[in-house]
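Next comes target.txt, a file with compact mmCIF, C-alpha atoms.
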# COMPACT_ATOMS: atom_id res chain seq x y z
CA MET L 1 10.46 -16.27 233.29
CA SER L 2 12.08 -18.31 230.52
CA SER L 3 12.02 -22.08 230.82
CA ASP L 4 15.70 -22.31 229.80
CA ARG L 5 16.80 -21.31 233.27
CA PRO L 6 17.50 -23.62 236.22
CA THR L 7 15.43 -23.63 239.38
CA SER L 8 16.21 -21.52 242.41
CA ALA L 9 18.73 -23.74 244.17
CA SER L 10 22.04 -21.94 244.72
CA PRO L 11 25.47 -23.16 243.50
CA ALA L 12 26.22 -24.21 247.08
CA GLU L 13 23.23 -26.59 246.97
CA LEU L 14 23.81 -27.96 243.46
CA ALA L 15 27.00 -29.50 242.13
CA PRO L 16 28.01 -27.88 238.82
CA GLN L 17 27.31 -31.09 236.91
CA ASP L 18 23.74 -31.11 238.28
CA VAL L 19 23.22 -27.55 237.07
CA VAL L 20 24.53 -28.57 233.67
CA LEU L 21 22.13 -31.50 233.47
CA ARG L 22 19.16 -29.32 234.36
CA PHE L 23 20.09 -26.86 231.67
CA LEU L 24 20.68 -29.58 229.08
CA GLU L 25 17.26 -31.04 229.79
CA SER L 26 15.59 -27.65 229.41
CA THR L 27 17.22 -26.73 226.06
CA GLY L 28 16.28 -29.98 224.35
CA ARG L 29 19.74 -29.98 222.63
CA PRO L 30 22.13 -31.61 225.10
CA SER L 31 24.85 -32.28 222.52
CA GLU L 32 25.09 -28.59 221.58
CA ALA L 33 25.25 -27.42 225.17
CA ARG L 34 27.92 -29.99 226.04
CA LEU L 35 29.95 -28.92 223.01
CA TYR L 36 29.87 -25.23 223.91
CA LEU L 37 30.55 -25.92 227.57
CA SER L 38 33.66 -27.93 226.68
CA LEU L 39 34.84 -25.19 224.30
CA PHE L 40 34.32 -22.45 226.89
CA ARG L 41 36.11 -24.43 229.60
CA ALA L 42 39.07 -25.17 227.32
CA ARG L 43 39.98 -21.47 227.14
CA PRO L 44 41.36 -19.17 229.82
CA ARG L 45 38.50 -17.93 231.97
CA GLU L 46 38.92 -14.28 231.01
CA GLN L 47 38.34 -15.09 227.30
CA PHE L 48 34.88 -16.58 227.78
CA ALA L 49 32.62 -13.55 227.14
CA ALA L 50 31.74 -9.99 228.08
CA ILE L 51 28.15 -9.00 228.87
CA ALA L 52 27.09 -5.35 228.58
CA ILE L 53 23.84 -4.84 230.47
CA ASP L 54 21.46 -2.05 229.51
CA ALA L 55 20.13 0.20 232.27
CA ASN L 56 16.53 -0.73 231.36
CA VAL L 57 17.37 -4.40 231.87
CA MET L 58 18.89 -3.64 235.28
CA ALA L 59 15.75 -1.73 236.23
CA ASP L 60 13.23 -4.32 235.02
CA ALA L 61 14.97 -7.71 234.94
CA VAL L 62 17.77 -7.75 237.50
CA ASP L 63 16.54 -11.10 238.88
CA ALA L 64 16.95 -12.70 235.44
CA VAL L 65 20.48 -11.27 235.13
CA VAL L 66 21.40 -12.60 238.57
CA GLN L 67 20.08 -16.04 237.70
CA ASP L 68 22.07 -16.09 234.44
CA LEU L 69 25.31 -15.12 236.19
CA ARG L 70 24.72 -17.55 239.04
CA PHE L 71 24.19 -20.37 236.56
CA LEU L 72 27.38 -19.48 234.67
CA ALA L 73 29.38 -19.25 237.90
CA ALA L 74 28.19 -22.74 238.82
CA LEU L 75 29.75 -23.88 235.53
CA ASP L 76 33.03 -22.11 236.40
CA LEU L 77 32.34 -19.47 233.74
CA PHE L 78 32.91 -15.85 234.76
CA PRO L 79 32.06 -13.31 232.05
CA THR L 80 33.21 -9.73 232.32
CA VAL L 81 30.03 -7.81 233.17
CA VAL L 82 29.84 -4.21 231.91
CA LEU L 83 27.53 -1.45 233.13
CA GLY L 84 27.14 2.15 232.01
CA ILE L 85 27.79 2.02 228.26
CA PHE L 86 24.62 3.99 227.48
CA GLN L 87 23.51 5.36 230.87
CA PRO L 88 26.68 5.93 232.91
CA ALA L 89 24.91 8.12 235.48
CA GLU L 90 23.04 5.04 236.75
CA ALA L 91 25.96 2.60 236.51
CA VAL L 92 27.29 2.88 240.09
CA ALA L 93 23.86 2.31 241.63
CA HIS L 94 23.18 -0.61 239.31
CA ALA L 95 26.58 -2.13 240.09
CA ARG L 96 25.88 -2.00 243.82
CA SER L 97 22.47 -3.60 243.31
CA LEU L 98 23.84 -6.37 241.10
CA ARG L 99 26.72 -7.06 243.45
CA ARG L 100 24.40 -7.24 246.44
CA HIS L 101 22.06 -9.69 244.67
CA LEU L 102 24.91 -11.91 243.45
CA GLU L 103 26.68 -12.06 246.80
CA ALA L 104 23.38 -12.97 248.45
CA GLU L 105 23.34 -15.97 246.09
CA GLY L 106 26.89 -16.93 247.02
CA VAL L 107 28.51 -15.62 243.83
CA PRO L 108 31.71 -13.60 244.52
CA VAL L 109 32.01 -10.30 242.65
CA GLU L 110 34.86 -7.84 242.09
CA GLU L 111 33.64 -4.37 241.17
CA LEU L 112 36.09 -2.23 239.17
CA SER L 113 35.94 1.20 237.56
CA ALA L 114 36.56 1.28 233.80
CA ALA L 115 39.25 3.86 234.61
CA THR L 116 41.21 1.41 236.81
CA SER L 117 44.90 1.19 235.97
CA GLY L 118 45.90 -2.24 234.65
CA LEU L 119 42.23 -3.18 234.27
CA ALA L 120 42.78 -6.18 231.99
CA ALA L 121 45.13 -7.81 234.50
CA ARG L 122 42.65 -7.17 237.32
CA LEU L 123 39.83 -8.73 235.29
CA THR L 124 41.98 -11.74 234.49
CA ASP L 125 42.77 -12.23 238.19
CA SER L 126 39.07 -11.95 239.06
CA ALA L 127 37.88 -14.50 236.51
CA ARG L 128 40.69 -16.95 237.27
CA GLY L 129 40.03 -16.49 240.97
CA GLY L 130 36.37 -17.49 240.59
CA ARG L 131 34.89 -14.00 240.88
CA VAL L 132 32.53 -12.22 238.46
CA PRO L 133 34.42 -9.14 237.18
CA LEU L 134 32.09 -6.14 237.17
CA VAL L 135 33.28 -3.12 235.13
CA VAL L 136 31.57 0.21 235.73
CA PHE L 137 31.70 3.01 233.16
CA GLU L 138 31.03 6.21 235.08
CA PRO L 139 30.32 9.63 233.48
CA ALA L 140 33.48 11.11 232.00
CA GLY L 141 33.05 14.64 230.64
CA ASN L 142 31.20 14.67 227.32
CA GLU L 143 32.13 11.10 226.38
CA GLN L 144 29.46 9.44 224.23
CA PRO L 145 28.45 5.74 224.11
CA ALA L 146 30.61 5.24 221.02
CA GLY L 147 33.65 6.39 222.97
CA ARG L 148 32.89 4.04 225.86
CA LEU L 149 32.41 1.18 223.41
CA GLU L 150 35.74 2.01 221.83
CA ARG L 151 37.40 1.81 225.25
CA LEU L 152 35.60 -1.47 225.91
CA GLY L 153 36.82 -2.81 222.56
CA GLY L 154 40.43 -2.12 223.51
CA LEU L 155 39.91 -3.95 226.78
CA LEU L 156 38.34 -6.97 225.06
CA ARG L 157 41.20 -7.16 222.56
CA GLU L 158 43.67 -7.15 225.41
CA LEU L 159 41.79 -9.97 227.15
CA GLU L 160 41.22 -11.84 223.83
CA VAL L 161 37.52 -12.20 224.63
CA ARG L 162 35.63 -14.19 221.99
CA LYS L 163 32.14 -12.70 222.32
CA LEU L 164 30.42 -9.52 223.48
CA LEU L 165 26.73 -9.73 224.38
CA PHE L 166 24.39 -6.79 224.85
CA LEU L 167 21.47 -7.56 227.15
CA HIS L 168 18.82 -5.41 225.52
CA ARG L 169 15.13 -5.34 226.47
CA PRO L 170 13.81 -5.95 222.88
CA GLY L 171 16.00 -9.07 222.74
CA GLY L 172 17.50 -8.37 219.31
CA LEU L 173 17.15 -6.31 216.16
CA ARG L 174 13.91 -6.46 214.20
CA GLN L 175 12.86 -5.76 210.64
CA GLY L 176 9.24 -5.94 209.54
CA GLY L 177 8.42 -6.92 213.10
CA ALA L 178 10.50 -10.12 212.82
CA LEU L 179 13.73 -10.88 214.65
CA VAL L 180 16.88 -10.61 212.52
CA PRO L 181 18.93 -13.68 213.57
CA ILE L 182 22.26 -12.82 211.89
CA VAL L 183 23.76 -9.60 210.57
CA ASN L 184 26.73 -9.72 208.21
CA LEU L 185 28.45 -6.46 209.10
CA THR L 186 30.24 -6.46 205.75
CA THR L 187 27.10 -6.50 203.59
CA ASP L 188 23.96 -5.93 205.70
CA LEU L 189 24.88 -2.80 207.65
CA PRO L 190 23.85 0.05 205.30
CA ALA L 191 20.26 -1.21 204.95
CA LEU L 192 19.89 -1.71 208.69
CA LEU L 193 21.26 1.73 209.55
CA ALA L 194 18.78 3.26 207.11
CA SER L 195 15.84 1.42 208.67
CA ARG L 196 13.36 3.29 210.84
CA GLU L 197 12.99 0.17 212.98
CA VAL L 198 16.56 0.49 214.27
CA SER L 199 16.77 2.72 217.35
CA ARG L 200 19.59 5.18 218.01
CA LYS L 201 21.02 2.82 220.61
CA GLU L 202 20.90 -0.11 218.19
CA ALA L 203 22.55 2.00 215.47
CA VAL L 204 25.46 2.76 217.82
CA ILE L 205 25.77 -0.94 218.64
CA LEU L 206 25.80 -1.82 214.93
CA GLU L 207 28.39 0.80 214.00
CA GLN L 208 30.68 -0.07 216.89
CA ALA L 209 30.21 -3.82 216.35
CA ARG L 210 31.61 -3.40 212.85
CA ARG L 211 34.71 -1.69 214.25
CA LEU L 212 35.09 -4.22 217.06
CA CYS L 213 34.84 -7.18 214.68
CA GLU L 214 37.25 -5.65 212.17
CA GLU L 215 39.86 -4.91 214.83
CA ALA L 216 39.28 -7.95 217.01
CA SER L 217 41.76 -10.66 217.86
CA PRO L 218 40.81 -13.47 217.36
CA ALA L 219 39.14 -12.82 214.01
CA SER L 220 36.24 -15.07 215.08
CA PHE L 221 35.07 -12.41 217.58
CA THR L 222 31.30 -11.84 217.46
CA VAL L 223 28.74 -9.52 219.02
CA ALA L 224 25.22 -10.53 219.97
CA VAL L 225 22.13 -8.64 221.08
CA THR L 226 19.73 -10.67 223.20
CA SER L 227 17.49 -10.51 226.26
CA PRO L 228 18.42 -11.77 229.74
CA LEU L 229 15.66 -14.36 229.38
CA ASN L 230 17.48 -15.84 226.38
CA LEU L 231 21.13 -15.35 227.31
CA LEU L 232 21.76 -19.03 228.01
CA ARG L 233 20.24 -20.11 224.72
CA GLU L 234 22.37 -17.53 222.92
CA LEU L 235 25.50 -18.94 224.52
CA PHE L 236 24.81 -22.67 224.46
CA THR L 237 22.88 -23.41 221.26
CA VAL L 238 23.83 -23.25 217.58
CA LYS L 239 20.66 -21.38 216.63
CA GLY L 240 21.07 -18.81 219.41
CA ALA L 241 18.29 -16.55 220.64
CA GLY L 242 18.86 -12.98 219.57
CA THR L 243 20.72 -11.15 216.82
CA LEU L 244 24.29 -12.20 216.04
CA LEU L 245 26.52 -9.46 214.59
CA ARG L 246 29.66 -10.71 212.87
CA ARG L 247 32.17 -9.84 210.22
CA GLY L 248 31.46 -11.55 206.93
CA ALA L 249 33.55 -14.64 206.41
CA ARG L 250 36.42 -14.35 203.95
CA VAL L 251 35.95 -17.19 201.50
CA ALA L 252 38.65 -18.25 199.05
CA ARG L 253 37.96 -20.28 195.90
CA HIS L 254 40.40 -23.04 194.95
CA GLU L 255 40.49 -25.04 191.72
CA GLY L 256 40.61 -28.68 192.75
CA TRP L 257 42.98 -29.28 195.66
CA ASP L 258 45.39 -26.55 194.53
CA GLY L 259 46.42 -24.46 197.52
CA VAL L 260 44.28 -26.47 199.97
CA ASP L 261 45.88 -27.64 203.22
CA LEU L 262 44.47 -31.18 203.20
CA PRO L 263 45.28 -32.03 206.85
CA ARG L 264 43.44 -28.87 207.98
CA LEU L 265 40.54 -29.70 205.66
CA ARG L 266 40.38 -33.22 207.07
CA GLU L 267 40.25 -31.76 210.59
CA LEU L 268 37.41 -29.43 209.57
CA LEU L 269 35.36 -32.26 208.06
CA THR L 270 35.94 -34.43 211.12
CA SER L 271 34.82 -31.61 213.42
CA SER L 272 31.70 -30.93 211.38
CA PHE L 273 30.53 -34.51 210.80
CA GLY L 274 31.79 -36.13 213.99
CA ARG L 275 34.03 -38.62 212.19
CA ALA L 276 36.86 -38.51 209.67
CA PRO L 277 36.22 -38.87 205.94
CA ALA L 278 37.59 -41.89 204.09
CA GLU L 279 41.04 -41.42 202.57
CA SER L 280 39.54 -42.26 199.17
CA PHE L 281 37.68 -38.93 199.32
CA PHE L 282 40.95 -37.02 199.01
CA GLY L 283 42.02 -39.24 196.13
CA ARG L 284 39.27 -37.76 193.94
CA THR L 285 40.00 -34.24 192.70
CA PRO L 286 36.99 -31.91 193.02
CA GLY L 287 36.07 -29.16 190.60
CA ARG L 288 36.07 -26.29 193.12
CA VAL L 289 36.68 -25.85 196.83
CA TYR L 290 35.40 -22.83 198.78
CA LEU L 291 37.20 -22.33 202.08
CA GLU L 292 36.72 -19.86 204.92
CA GLU L 293 40.12 -18.29 205.61
CA GLY L 294 40.52 -19.97 209.00
CA TYR L 295 39.41 -23.42 207.76
CA ARG L 296 36.22 -23.15 209.80
CA GLY L 297 33.94 -23.89 206.87
CA CYS L 298 34.06 -25.33 203.34
CA ALA L 299 31.95 -26.19 200.31
CA ILE L 300 33.35 -28.78 197.89
CA LEU L 301 31.86 -29.24 194.42
CA THR L 302 32.42 -31.97 191.85
CA ASP L 303 31.76 -31.59 188.13
CA ALA L 304 28.76 -33.72 187.18
CA PRO L 305 27.04 -34.37 183.83
CA LEU L 306 24.04 -32.22 184.75
CA GLY L 307 25.73 -29.41 186.66
CA ALA L 308 27.77 -29.06 189.83
CA TYR L 309 27.38 -31.65 192.58
CA LEU L 310 27.90 -30.38 196.13
CA THR L 311 29.76 -33.29 197.65
CA LYS L 312 30.60 -31.69 201.02
CA PHE L 313 29.29 -28.68 202.90
CA ALA L 314 30.78 -28.32 206.37
CA VAL L 315 31.23 -25.84 209.20
CA SER L 316 33.41 -26.70 212.19
CA ALA L 317 31.62 -27.53 215.43
CA GLU L 318 33.03 -24.43 217.12
CA ALA L 319 31.90 -22.06 214.36
CA GLN L 320 28.37 -23.39 213.85
CA GLY L 321 25.82 -20.66 214.46
CA GLU L 322 28.13 -17.84 213.30
CA GLY L 323 26.64 -17.47 209.82
CA ILE L 324 29.62 -18.93 207.97
CA ALA L 325 27.31 -21.35 206.15
CA ARG L 326 25.42 -18.46 204.57
CA ASP L 327 28.66 -16.84 203.38
CA LEU L 328 29.89 -20.10 201.87
CA TRP L 329 26.58 -20.65 200.10
CA GLU L 330 26.56 -17.12 198.66
CA ALA L 331 30.12 -17.60 197.37
CA LEU L 332 29.38 -20.87 195.60
CA ALA L 333 25.95 -19.74 194.34
CA ALA L 334 27.53 -16.71 192.66
CA ASP L 335 29.59 -19.10 190.49
CA THR L 336 27.15 -22.00 190.19
CA PRO L 337 23.80 -21.57 188.42
CA VAL L 338 23.03 -25.31 188.59
CA VAL L 339 23.82 -27.38 191.68
CA PHE L 340 22.42 -30.49 193.32
CA TRP L 341 23.34 -32.44 196.41
CA ARG L 342 22.22 -35.05 198.90
CA ALA L 343 22.15 -35.29 202.70
CA ARG L 344 21.16 -37.88 205.24
CA ARG L 345 17.56 -37.66 206.41
CA THR L 346 18.94 -36.95 209.90
CA ASN L 347 21.11 -34.02 208.79
CA THR L 348 20.74 -31.20 211.33
CA ILE L 349 20.63 -28.49 208.64
CA SER L 350 18.08 -30.19 206.40
CA GLU L 351 15.56 -27.42 207.15
CA TRP L 352 18.08 -24.82 205.94
CA TYR L 353 18.81 -26.85 202.81
CA ALA L 354 15.08 -26.96 202.10
CA LYS L 355 14.93 -23.16 202.12
CA LEU L 356 17.86 -22.89 199.69
CA CYS L 357 16.75 -25.36 197.05
CA ASP L 358 14.22 -25.19 194.23
CA GLY L 359 13.05 -28.71 194.97
CA LEU L 360 13.83 -31.90 196.89
CA VAL L 361 12.89 -35.54 197.07
CA ARG L 362 13.01 -37.67 200.23
CA LEU L 363 14.27 -41.23 199.76
CA PRO L 364 14.73 -43.95 202.42
CA ASP L 365 18.37 -43.05 203.16
CA TRP L 366 18.84 -39.66 201.55
CA THR L 367 17.19 -36.40 200.72
CA VAL L 368 18.29 -35.05 197.33
CA TYR L 369 18.11 -31.29 196.71
CA TRP L 370 18.57 -29.22 193.57
CA LYS L 371 18.74 -25.62 192.44
CA GLY L 372 18.64 -24.38 188.84
CA LEU L 373 18.03 -27.83 187.33
CA PRO L 374 15.70 -28.02 184.30
CA PRO L 375 12.71 -30.24 185.19
CA GLY L 376 13.70 -32.87 182.63
CA ASP L 377 17.11 -33.37 184.30
CA ILE L 378 15.81 -33.91 187.82
CA PRO L 379 15.31 -37.74 187.69
CA ALA L 380 18.81 -38.31 186.29
CA ALA L 381 20.32 -35.94 188.89
CA ILE L 382 18.61 -37.84 191.69
CA ASP L 383 19.96 -41.16 190.40
CA TRP L 384 23.46 -39.68 190.01
CA ALA L 385 23.46 -38.26 193.57
CA VAL L 386 22.28 -41.51 195.16
CA ALA L 387 24.95 -43.49 193.31
CA GLN L 388 27.85 -41.48 194.74
CA PRO L 389 30.19 -43.19 197.24
CA VAL L 390 29.70 -42.72 200.97
CA ASP L 391 32.74 -40.85 202.27
CA ILE L 392 31.73 -40.55 205.93
CA ALA L 393 30.18 -43.77 207.12
CA ARG L 394 26.96 -43.77 209.16
CA ASP L 395 26.74 -40.00 209.15
CA GLU L 396 26.45 -37.20 206.59
CA GLY L 397 28.08 -38.66 203.50

Kindly present the structure from the file in structure tokens form.
Amino acid sequence: MSSDRPTSASPAELAPQDVVLRFLESTGRPSEARLYLSLFRARPREQFAAIAIDANVMADAVDAVVQDLRFLAALDLFPTVVLGIFQPAEAVAHARSLRRHLEAEGVPVEELSAATSGLAARLTDSARGGRVPLVVFEPAGNEQPAGRLERLGGLLRELEVRKLLFLHRPGGLRQGGALVPIVNLTTDLPALLASREVSRKEAVILEQARRLCEEASPASFTVAVTSPLNLLRELFTVKGAGTLLRRGARVARHEGWDGVDLPRLRELLTSSFGRAPAESFFGRTPGRVYLEEGYRGCAILTDAPLGAYLTKFAVSAEAQGEGIARDLWEALAADTPVVFWRARRTNTISEWYAKLCDGLVRLPDWTVYWKGLPPGDIPAAIDWAVAQPVDIARDEG
């Protein structure tokens, strides 16, 4: 069983804060887990998440599912649990088994048919009342999984749920034998659907995920495919532990500060770096600004003698792990054949930067990266980057 799961003490024996501490210690990234926990708790309980559990998972890993849900309940998090999307004939039996296991662990459950009148209100009452809402999709004529997922999508929109997770035995989508961490449903879908490595079930999930993300409210809605052994890592870490399916970010290009809402941009930079930028930063007009439509990510470039200098690259704390960084980079790279930038040695995405660049040099305070620079310009670009003012003191400048 995965090491990211607490020990067997029940919620009655452990105070929620003790469960949190055990989990934080096991993930090795306490700051991320605390961030996500605070974000989840700040929203109405019914908006936290929905978890669709595959029949194979219920048959082989019900104990892991129970442990996940018990842990979340101890944190006052009550996801809507969904059974029967792909195998509705087994859903009632699996619901009874899951309910019996959870109640034995002291976790209250309310079991509801997907055909229940006023289902969204009932689910809201369950979650706010401290019960795990359990939705059962039973056989209904010739209805196919796509139809059940469409009904589920309507329910999630009504509840304003932020994330749908499929607990799937393979733990995510794979290509060439390797896990695919993020799928941009706007650009990556055709190739995946044509792949022989994608099962029929996964193809249905992909096709319906595109519809769910396009129609979702809020627009930041995402779908993830993961295993029950990695559910907590998928929820509480930036990197996740499965395959994240999301709508491609809509990125707008601005010339200088034209059309940019500076207070919202300041809030984004503060969220990303943990402290506000100096006011002098906004007094210097950049060459181009790339902004995600909801101000959840930005890339700011300054014109430099040797090319474009990437002065700020930021994704809000809440949106980190959603793939927005990749979309921003693709937008700026399409316009920018030569770019260089610097980052603190402690920058949490330095590994990602290293994969993007053509080369880098590590200095005592900074790492300088470049892409597209002629070799003869590299020393001057390094000197130019290091000489730039520090806009965010003691953190990523």

Requested in this report: Using only C-alpha atoms, find the one residue out of L:Glu160, L:Glu103, L:Glu318, L:Asp125 that sits nearest to L:Ser38.
Outcome: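 With only C-alpha atoms as the atom set, the closest residue is L:Glu318.
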
Which residues come within 8 Å of L:His168, counting only C-alpha atoms, excluding same-chain residues fewer than 5 positions away, as an mmCIF file with C-alpha atoms, in the coordinates of the input?
data_model
loop_
_atom_site.group_PDB
_atom_site.id
_atom_site.type_symbol
_atom_site.label_atom_id
_atom_site.label_comp_id
_atom_site.auth_asym_id
_atom_site.auth_seq_id
_atom_site.Cartn_x
_atom_site.Cartn_y
_atom_site.Cartn_z
ATOM 1 C CA ILE L 53 23.840 -4.840 230.470
ATOM 2 C CA ASP L 54 21.460 -2.050 229.510
ATOM 3 C CA ASN L 56 16.530 -0.730 231.360
ATOM 4 C CA VAL L 57 17.370 -4.400 231.870
ATOM 5 C CA VAL L 225 22.130 -8.640 221.080
ATOM 6 C CA THR L 226 19.730 -10.670 223.200
ATOM 7 C CA SER L 227 17.490 -10.510 226.260
ATOM 8 C CA PRO L 228 18.420 -11.770 229.740
#

Which residues, written as a ChimeraX atom specification, have at least one atom at most 10 Å from stretch 322-336 of chain L, with only C-alpha atoms counted and residues fewer than 4 positions away on the same chain left out?
/L:181-184,220-222,238-240,244-253,288-292,296-301,307-310,313-316,318,352,356,371-372

What does the file look like for those residues with C-alpha atoms, as a PDB file, in the coordinates of the input?
ATOM      1  CA  PRO L 181      18.930 -13.680 213.570  1.00  0.00           C
ATOM      2  CA  ILE L 182      22.260 -12.820 211.890  1.00  0.00           C
ATOM      3  CA  VAL L 183      23.760  -9.600 210.570  1.00  0.00           C
ATOM      4  CA  ASN L 184      26.730  -9.720 208.210  1.00  0.00           C
ATOM      5  CA  SER L 220      36.240 -15.070 215.080  1.00  0.00           C
ATOM      6  CA  PHE L 221      35.070 -12.410 217.580  1.00  0.00           C
ATOM      7  CA  THR L 222      31.300 -11.840 217.460  1.00  0.00           C
ATOM      8  CA  VAL L 238      23.830 -23.250 217.580  1.00  0.00           C
ATOM      9  CA  LYS L 239      20.660 -21.380 216.630  1.00  0.00           C
ATOM     10  CA  GLY L 240      21.070 -18.810 219.410  1.00  0.00           C
ATOM     11  CA  LEU L 244      24.290 -12.200 216.040  1.00  0.00           C
ATOM     12  CA  LEU L 245      26.520  -9.460 214.590  1.00  0.00           C
ATOM     13  CA  ARG L 246      29.660 -10.710 212.870  1.00  0.00           C
ATOM     14  CA  ARG L 247      32.170  -9.840 210.220  1.00  0.00           C
ATOM     15  CA  GLY L 248      31.460 -11.550 206.930  1.00  0.00           C
ATOM     16  CA  ALA L 249      33.550 -14.640 206.410  1.00  0.00           C
ATOM     17  CA  ARG L 250      36.420 -14.350 203.950  1.00  0.00           C
ATOM     18  CA  VAL L 251      35.950 -17.190 201.500  1.00  0.00           C
ATOM     19  CA  ALA L 252      38.650 -18.250 199.050  1.00  0.00           C
ATOM     20  CA  ARG L 253      37.960 -20.280 195.900  1.00  0.00           C
ATOM     21  CA  ARG L 288      36.070 -26.290 193.120  1.00  0.00           C
ATOM     22  CA  VAL L 289      36.680 -25.850 196.830  1.00  0.00           C
ATOM     23  CA  TYR L 290      35.400 -22.830 198.780  1.00  0.00           C
ATOM     24  CA  LEU L 291      37.200 -22.330 202.080  1.00  0.00           C
ATOM     25  CA  GLU L 292      36.720 -19.860 204.920  1.00  0.00           C
ATOM     26  CA  ARG L 296      36.220 -23.150 209.800  1.00  0.00           C
ATOM     27  CA  GLY L 297      33.940 -23.890 206.870  1.00  0.00           C
ATOM     28  CA  CYS L 298      34.060 -25.330 203.340  1.00  0.00           C
ATOM     29  CA  ALA L 299      31.950 -26.190 200.310  1.00  0.00           C
ATOM     30  CA  ILE L 300      33.350 -28.780 197.890  1.00  0.00           C
ATOM     31  CA  LEU L 301      31.860 -29.240 194.420  1.00  0.00           C
ATOM     32  CA  GLY L 307      25.730 -29.410 186.660  1.00  0.00           C
ATOM     33  CA  ALA L 308      27.770 -29.060 189.830  1.00  0.00           C
ATOM     34  CA  TYR L 309      27.380 -31.650 192.580  1.00  0.00           C
ATOM     35  CA  LEU L 310      27.900 -30.380 196.130  1.00  0.00           C
ATOM     36  CA  PHE L 313      29.290 -28.680 202.900  1.00  0.00           C
ATOM     37  CA  ALA L 314      30.780 -28.320 206.370  1.00  0.00           C
ATOM     38  CA  VAL L 315      31.230 -25.840 209.200  1.00  0.00           C
ATOM     39  CA  SER L 316      33.410 -26.700 212.190  1.00  0.00           C
ATOM     40  CA  GLU L 318      33.030 -24.430 217.120  1.00  0.00           C
ATOM     41  CA  TRP L 352      18.080 -24.820 205.940  1.00  0.00           C
ATOM     42  CA  LEU L 356      17.860 -22.890 199.690  1.00  0.00           C
ATOM     43  CA  LYS L 371      18.740 -25.620 192.440  1.00  0.00           C
ATOM     44  CA  GLY L 372      18.640 -24.380 188.840  1.00  0.00           C
TER      45      GLY L 372
END

As a check of understanding: the span from atom CA of L:Asn347 to atom CA of L:Ala241 is 21.3 Å

Taken to one decimal, the atom CA of L:Val161-atom CA of L:Leu212 distance is 11.3 Å

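Checking L:Val107, L:Val386, L:Ile205, L:Ala114 one by one against L:Leu72, counting only C-alpha atoms, you find the shortest gap at L:Val107.
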
Point to revise | Protein, DNA and RNA residues within 12 Å of (23.6, -40.5, 189.3), only C-alpha atoms, as a ChimeraX atom specification | key: /L:304-307,309,340-342,368,377-389

Taking all atoms listed in the file into account, name the residue in L:Pro145, L:Leu134, L:Ala104, L:Thr243 that is nearest to L:Leu185.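 That would be L:Thr243, the residue with the smallest distance to L:Leu185.
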
**Prompt:** By how many Å are atom CA of L:Leu189 and atom CA of L:Glu351 apart?
**Reply:**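 Going from atom CA of L:Leu189 over to atom CA of L:Glu351, I get 26.3 Å.
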
- [ ] Find the residue from L:Leu262, L:His254, L:Glu32, L:Val339 that sits nearest to L:Gly287; use only C-alpha atoms when measuring.
- [x]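 Smallest separation from L:Gly287 among the options: L:His254.
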
* Asked: Of the residues L:Gly106, L:Gly84, L:Gly177, L:Gly172, which is the one nearest to L:Ala146, using only C-alpha atoms?
  ->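 Distance minimum relative to L:Ala146 lands on L:Gly84.
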
Non-local contacts of L:Glu215 (9 Å; all atoms listed in the file; under 5 positions in same chain excluded) as a PyMOL selection string = chain L and resi 153+157+210

With distances taken over all atoms listed in the file, the candidate from L:Gly118, L:Pro133, L:Gly274, L:Gly259 nearest L:Pro79 is L:Pro133

Exercise: residues within 12 Å of coordinate (21.9, 3.7, 230.0), counting all atoms listed in the file, as a short mmCIF file (atom, residue, chain, number, x, y, z; two decimals) with C-alpha atoms, in the coordinates of the input:
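The resulting file, point_14.cif, is reproduced below:
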data_model
loop_
_atom_site.label_atom_id
_atom_site.label_comp_id
_atom_site.auth_asym_id
_atom_site.auth_seq_id
_atom_site.Cartn_x
_atom_site.Cartn_y
_atom_site.Cartn_z
CA ALA L 52 27.09 -5.35 228.58
CA ILE L 53 23.84 -4.84 230.47
CA ASP L 54 21.46 -2.05 229.51
CA ALA L 55 20.13 0.20 232.27
CA ASN L 56 16.53 -0.73 231.36
CA VAL L 57 17.37 -4.40 231.87
CA MET L 58 18.89 -3.64 235.28
CA ALA L 59 15.75 -1.73 236.23
CA VAL L 82 29.84 -4.21 231.91
CA LEU L 83 27.53 -1.45 233.13
CA GLY L 84 27.14 2.15 232.01
CA ILE L 85 27.79 2.02 228.26
CA PHE L 86 24.62 3.99 227.48
CA GLN L 87 23.51 5.36 230.87
CA PRO L 88 26.68 5.93 232.91
CA ALA L 89 24.91 8.12 235.48
CA GLU L 90 23.04 5.04 236.75
CA ALA L 91 25.96 2.60 236.51
CA VAL L 92 27.29 2.88 240.09
CA ALA L 93 23.86 2.31 241.63
CA HIS L 94 23.18 -0.61 239.31
CA VAL L 136 31.57 0.21 235.73
CA PHE L 137 31.70 3.01 233.16
CA GLU L 138 31.03 6.21 235.08
CA PRO L 139 30.32 9.63 233.48
CA GLN L 144 29.46 9.44 224.23
CA PRO L 145 28.45 5.74 224.11
CA ARG L 148 32.89 4.04 225.86
CA PHE L 166 24.39 -6.79 224.85
CA LEU L 167 21.47 -7.56 227.15
CA HIS L 168 18.82 -5.41 225.52
CA ARG L 169 15.13 -5.34 226.47
CA LYS L 201 21.02 2.82 220.61
#

Exercise for the section: Just the residues within 7 Å of stretch 66-71 of chain L, please, counting all atoms listed in the file, with nothing from its chain fewer than 3 positions along; format it as a list in words. Expected result: Val62, Asp63, Ala74, Leu75, His101, Leu102 and Val107 of chain L

Any idea what's packed within 9 Å of L:Lys163, counting all atoms listed in the file, ignoring anything in its chain fewer than 3 positions away? Could you give it as a list in words?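 So the residues in contact are Gln47, Phe48, Ala49, Ala50, Ile51, Leu156, Ser220, Phe221, Thr222, Val223 and Ala224 of chain L.
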